[in-house]
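What follows is a short report on a single structure.
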Amino acid sequence: MPEVFQAPKGTRDILPPESDRWQALVAVFADVFGRAGYGLVQNPMFEDIGVFQRLGEGTEVVRKEMYDFFDKGDRHMALRPEGTASVVRAFNQHRPTVPWKVWYLTPCFRYEEPQAGRFRQHHQVGAEAIGSADPDLDVEVIALQHDFYRALGLSQLSLRLNSMGSPGDRQAYAGELAAWLGQRLGDLDEADRTNATDHPLRVLDSKRERTMAAVADAPFIIDCLSDEAGTHFERVQAGLNALGVDYEIDPYLVRGLDYYTHSTWEFVAGALTSAQNAVGGGGRYDGLAESLGGKPAPGVGFGAGIERILLAADAEDALAEASGAVDVFVVDVTGGDAGRDLTFELRRNGISADRSFDARSMKAQMKVADRSGARLALLVGEDEVAAGTVTLRDLRSGGGQFALRRADVVPEVAQRLAKG
């Protein structure tokens, strides 16, 4: 017997009807951001590894988690571990008009142990706005992300907000924090000690309980902001207050990637009880375009994991399982010609419709019609063909059945569906 292959560890197949919920989520995202002038961007799933090394050589993503390989031309490539770097690379390459406002839907790849809502191939929606340093653009992106979650029906969310300051602020703070941590190495979890000197901000980002307790009284970057960075952060807070977006200042929120400056944020789902309860986060990255070889171009954006969002939706009974059911099921026991033609006529008039195949019996086709979830069935037998009619049967209300002239089928069906 041939081997029966399985999806690789850390990946899974998304099948109907679960995939219908994915479609519904993406449709909401596209609507919320589309109304704000964001257009869809699609980037390659793999890039030169240098694009992602700019995320920070000391990050777990770069050191341990990237899927990288040499292609047949001996070029060192990597599968995309996150969405922002590819979008900024595309901005540098194509130089669109600024501010360039885009949204994306992408698989991301990280070699890590699978956990709730995070797989080795997981999926993100996200948005980026590049070409303006205006703090109001931070406000726009955060508020749109907030409105997206609300449009899905999520209510048990909290927004954590912080500032990384300017690059100079961040560098000065990193030195101060490294010195502070150097006096407390023994208090840190062993896995975090190697970061204390070279990558001290990542120690604050640790979710290990021993480390979290040890840094409870660490100095905060928010207390070390320059006047320019402080003004930027105040403007962001004022904008969120004006738009009714609640938030809390979290001085421990430093995010895991090196490119962030100024605003950083994270939305947390209160309905998820695990430590992995973030449903999306982002920040400003004013130096990333330049680090990828482009001209200076400030930017701001976020990514949000679809799998984690759906877990939060399940916990809140939000985004009820979308139905892929068609409105009409056509049953044809006269050879299939009538069923084929009628099904396409309905579809071309905006009515979702399906039919049976393989010349099944009336009984077998009616079973399929019931399982399809359709509201209405259209029945075609020899009598209907001879009379130029179709029999309409209501599958849900028990309203019986009656004959329609063939020419009246589409308007009658449309009218019934419109009435609900």
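Ligands are numbered from 1 in the order shown, chains are lettered A, B, ... in the order of the structure tokens, and residues start at 1 in each chain.
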
Tell me, counting only C-alpha atoms, for each residue of range 294-385 of chain A within 12 Å of range 17-37 of chain A, which pair of atoms is nearest and how far apart they are in Å to one decimal, in rows ordered by chain and increasing number, as JSON lines.
{"residue": "A:Gly303", "atom": "CA", "partner": "A:Phe29", "partner_atom": "CA", "distance": 11.9}
{"residue": "A:Ala304", "atom": "CA", "partner": "A:Phe29", "partner_atom": "CA", "distance": 10.7}
{"residue": "A:Gly305", "atom": "CA", "partner": "A:Leu25", "partner_atom": "CA", "distance": 11.2}
{"residue": "A:Ile306", "atom": "CA", "partner": "A:Trp22", "partner_atom": "CA", "distance": 7.6}
{"residue": "A:Glu307", "atom": "CA", "partner": "A:Trp22", "partner_atom": "CA", "distance": 9.0}
{"residue": "A:Arg308", "atom": "CA", "partner": "A:Trp22", "partner_atom": "CA", "distance": 11.7}
{"residue": "A:Ile309", "atom": "CA", "partner": "A:Leu25", "partner_atom": "CA", "distance": 9.1}
{"residue": "A:Leu310", "atom": "CA", "partner": "A:Arg21", "partner_atom": "CA", "distance": 8.3}
{"residue": "A:Leu311", "atom": "CA", "partner": "A:Arg21", "partner_atom": "CA", "distance": 11.6}
{"residue": "A:Ala313", "atom": "CA", "partner": "A:Arg21", "partner_atom": "CA", "distance": 10.3}
{"residue": "A:Asp314", "atom": "CA", "partner": "A:Arg21", "partner_atom": "CA", "distance": 11.0}
{"residue": "A:Ala318", "atom": "CA", "partner": "A:Arg21", "partner_atom": "CA", "distance": 10.7}
{"residue": "A:Leu319", "atom": "CA", "partner": "A:Arg21", "partner_atom": "CA", "distance": 7.3}
{"residue": "A:Ala320", "atom": "CA", "partner": "A:Arg21", "partner_atom": "CA", "distance": 7.8}
{"residue": "A:Glu321", "atom": "CA", "partner": "A:Arg21", "partner_atom": "CA", "distance": 5.9}
{"residue": "A:Ala322", "atom": "CA", "partner": "A:Arg21", "partner_atom": "CA", "distance": 5.2}
{"residue": "A:Ser323", "atom": "CA", "partner": "A:Asp20", "partner_atom": "CA", "distance": 6.6}
{"residue": "A:Gly324", "atom": "CA", "partner": "A:Asp20", "partner_atom": "CA", "distance": 6.2}
{"residue": "A:Ala325", "atom": "CA", "partner": "A:Pro17", "partner_atom": "CA", "distance": 9.2}
{"residue": "A:Ser372", "atom": "CA", "partner": "A:Pro17", "partner_atom": "CA", "distance": 11.6}
{"residue": "A:Gly373", "atom": "CA", "partner": "A:Pro17", "partner_atom": "CA", "distance": 11.8}

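Residues with any atom within 9 Å of Ala213 in chain A, counting only C-alpha atoms and excluding same-chain neighbours fewer than 5 positions away, are Asp187, Leu188 and Arg208 of chain A.
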
Keeping only N, CA and C atoms, write those residues as a JSON list (two decimals), in the first residue's frame.
[["chain", "number", "residue", "atom", "x", "y", "z"],
["A", 187, "ASP", "N", 18.93, 36.42, 39.22],
["A", 187, "ASP", "CA", 17.48, 36.42, 39.46],
["A", 187, "ASP", "C", 16.68, 36.07, 38.20],
["A", 188, "LEU", "N", 17.36, 36.11, 37.05],
["A", 188, "LEU", "CA", 16.67, 35.86, 35.79],
["A", 188, "LEU", "C", 16.58, 34.37, 35.50],
["A", 208, "ARG", "N", 8.63, 34.24, 30.83],
["A", 208, "ARG", "CA", 9.03, 33.27, 31.86],
["A", 208, "ARG", "C", 8.81, 33.88, 33.23]]

>> For a quick check of understanding, using only C-alpha atoms, which of A:Leu342, A:Val380, A:Asp134, A:Glu290 has the smallest distance to Glu228 in chain A?
In response: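 That would be A:Asp134, the residue with the smallest distance to Glu228 in chain A.
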
> Could you name the residues that touch Arg284 in chain A at 6 Å or less, counting only C-alpha atoms, but leaving out those on the same chain fewer than 5 positions away, as JSON, numbers by chain?
Replying inline: {"A": [260, 261, 262, 263, 299, 300]}

>> Could you list, as a list in words, every residue within 10 Å of Asp138 in chain A, counting only C-alpha atoms and ignoring same-chain residues fewer than 6 positions away?
In response: Ala129, Ser132, His232, Phe233, Arg235, Val236, Gln237, Gly239, Leu240, His262, Ser263, Thr264, Gly282, Gly283, Arg284, Gly299, Val300 and Gly301 of chain A

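The strand (DSSP E or B) portion of range 101-199 of chain A consists of Lys101, Val102, Trp103, Tyr104, Leu105, Thr106, Pro107, Cys108, Phe109, Gln115, Arg118, Gln121, His122, His123, Gln124, Val125, Gly126, Ala127, Glu128, Ala129, Ile130, Leu157, Ser158, Leu159, Arg160, Leu161, Asn162 and Ser163 of chain A, with states taken from DSSP on the backbone.
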
Keeping only C-alpha atoms, write the selected residues to a file as a PDB file, in the first residue's frame.
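Okay, this is what ended up in part09.pdb:
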ATOM      1  CA  LYS A 101      -1.445  52.496   2.831  1.00  0.00           C
ATOM      2  CA  VAL A 102      -1.830  48.744   2.261  1.00  0.00           C
ATOM      3  CA  TRP A 103      -3.245  45.642   3.898  1.00  0.00           C
ATOM      4  CA  TYR A 104      -2.209  42.036   3.427  1.00  0.00           C
ATOM      5  CA  LEU A 105      -3.234  38.446   4.022  1.00  0.00           C
ATOM      6  CA  THR A 106      -0.298  36.069   4.269  1.00  0.00           C
ATOM      7  CA  PRO A 107       0.965  32.755   5.595  1.00  0.00           C
ATOM      8  CA  CYS A 108       3.955  33.109   7.933  1.00  0.00           C
ATOM      9  CA  PHE A 109       6.479  30.411   8.753  1.00  0.00           C
ATOM     10  CA  GLN A 115       0.821  26.015  20.541  1.00  0.00           C
ATOM     11  CA  ARG A 118       0.118  29.421  16.562  1.00  0.00           C
ATOM     12  CA  GLN A 121       2.619  27.829   9.211  1.00  0.00           C
ATOM     13  CA  HIS A 122       0.224  30.371  10.622  1.00  0.00           C
ATOM     14  CA  HIS A 123      -1.662  33.149   8.887  1.00  0.00           C
ATOM     15  CA  GLN A 124      -1.862  36.868   9.410  1.00  0.00           C
ATOM     16  CA  VAL A 125      -3.857  39.835   8.316  1.00  0.00           C
ATOM     17  CA  GLY A 126      -2.088  43.132   8.709  1.00  0.00           C
ATOM     18  CA  ALA A 127      -1.798  46.709   7.540  1.00  0.00           C
ATOM     19  CA  GLU A 128       1.089  49.105   6.925  1.00  0.00           C
ATOM     20  CA  ALA A 129       1.179  52.854   6.322  1.00  0.00           C
ATOM     21  CA  ILE A 130       4.545  54.083   5.023  1.00  0.00           C
ATOM     22  CA  LEU A 157     -10.229  42.993  24.441  1.00  0.00           C
ATOM     23  CA  SER A 158      -7.719  45.313  26.050  1.00  0.00           C
ATOM     24  CA  LEU A 159      -5.210  47.508  24.256  1.00  0.00           C
ATOM     25  CA  ARG A 160      -1.723  47.729  25.759  1.00  0.00           C
ATOM     26  CA  LEU A 161       0.269  50.762  24.642  1.00  0.00           C
ATOM     27  CA  ASN A 162       3.853  51.905  25.073  1.00  0.00           C
ATOM     28  CA  SER A 163       6.507  54.009  23.352  1.00  0.00           C
TER      29      SER A 163
END

>> Just list as a VMD selection string whatever in range 195-225 of chain A DSSP marks as alpha helix (DSSP H).
In response: chain A and resid 195 to 198 200 to 204 209 to 214

>> Given only C-alpha atoms as the basis, pick out the residue of A:Pro200, A:Lys367, A:Arg393, A:Ala278 nearest to Trp265 in chain A.
In response: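 With only C-alpha atoms as the atom set, the closest residue is A:Ala278.
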
>> as a VMD selection string, please: the residues near Ser397 in chain A (cut-off 12 Å, only C-alpha atoms, same-chain neighbours under 6 positions excluded).
In response: chain A and resid 374 to 376 416 420

Residues as selected, C-alpha atoms, written as a PDB file, in the first residue's frame, can you do that?
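Below is the file that was written, result.pdb:
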ATOM      1  CA  ALA A 374     -30.298  25.133   0.901  1.00  0.00           C
ATOM      2  CA  ARG A 375     -33.575  26.903   1.634  1.00  0.00           C
ATOM      3  CA  LEU A 376     -35.256  25.981  -1.629  1.00  0.00           C
ATOM      4  CA  ARG A 416     -38.623  34.494  -1.869  1.00  0.00           C
ATOM      5  CA  GLY A 420     -36.077  35.834   4.123  1.00  0.00           C
TER       6      GLY A 420
END

> Near Arg360 in chain A, counting only C-alpha atoms, which residues have an atom at most 12 Å away, once you skip same-chain residues fewer than 3 positions from it, shown as JSON, numbers by chain?
Replying inline: {"A": [331, 332, 333, 334, 335, 336, 355, 356, 357, 363, 364, 365, 366, 367, 368]}

>> What's the separation between CA of Val51 in chain A and CA of Tyr67 in chain A, in Å to one decimal place?
In response: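 Interatomic distance, CA of Val51 in chain A to CA of Tyr67 in chain A: 13.3 Å.
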
> Of the residues A:Pro114, A:Val410, A:Ala386, A:Ala289, which is the one nearest to Ser352 in chain A, using only C-alpha atoms?
Replying inline: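 That would be A:Val410, the residue with the smallest distance to Ser352 in chain A.
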
>> Give me, as a VMD selection string, all polymer residues having an atom no more than 12 Å from Val215 in chain A, counting only C-alpha atoms and skipping those fewer than 3 positions away in the same chain.
In response: chain A and resid 177 to 178 180 to 189 192 196 200 to 212 218 to 220 251 to 252
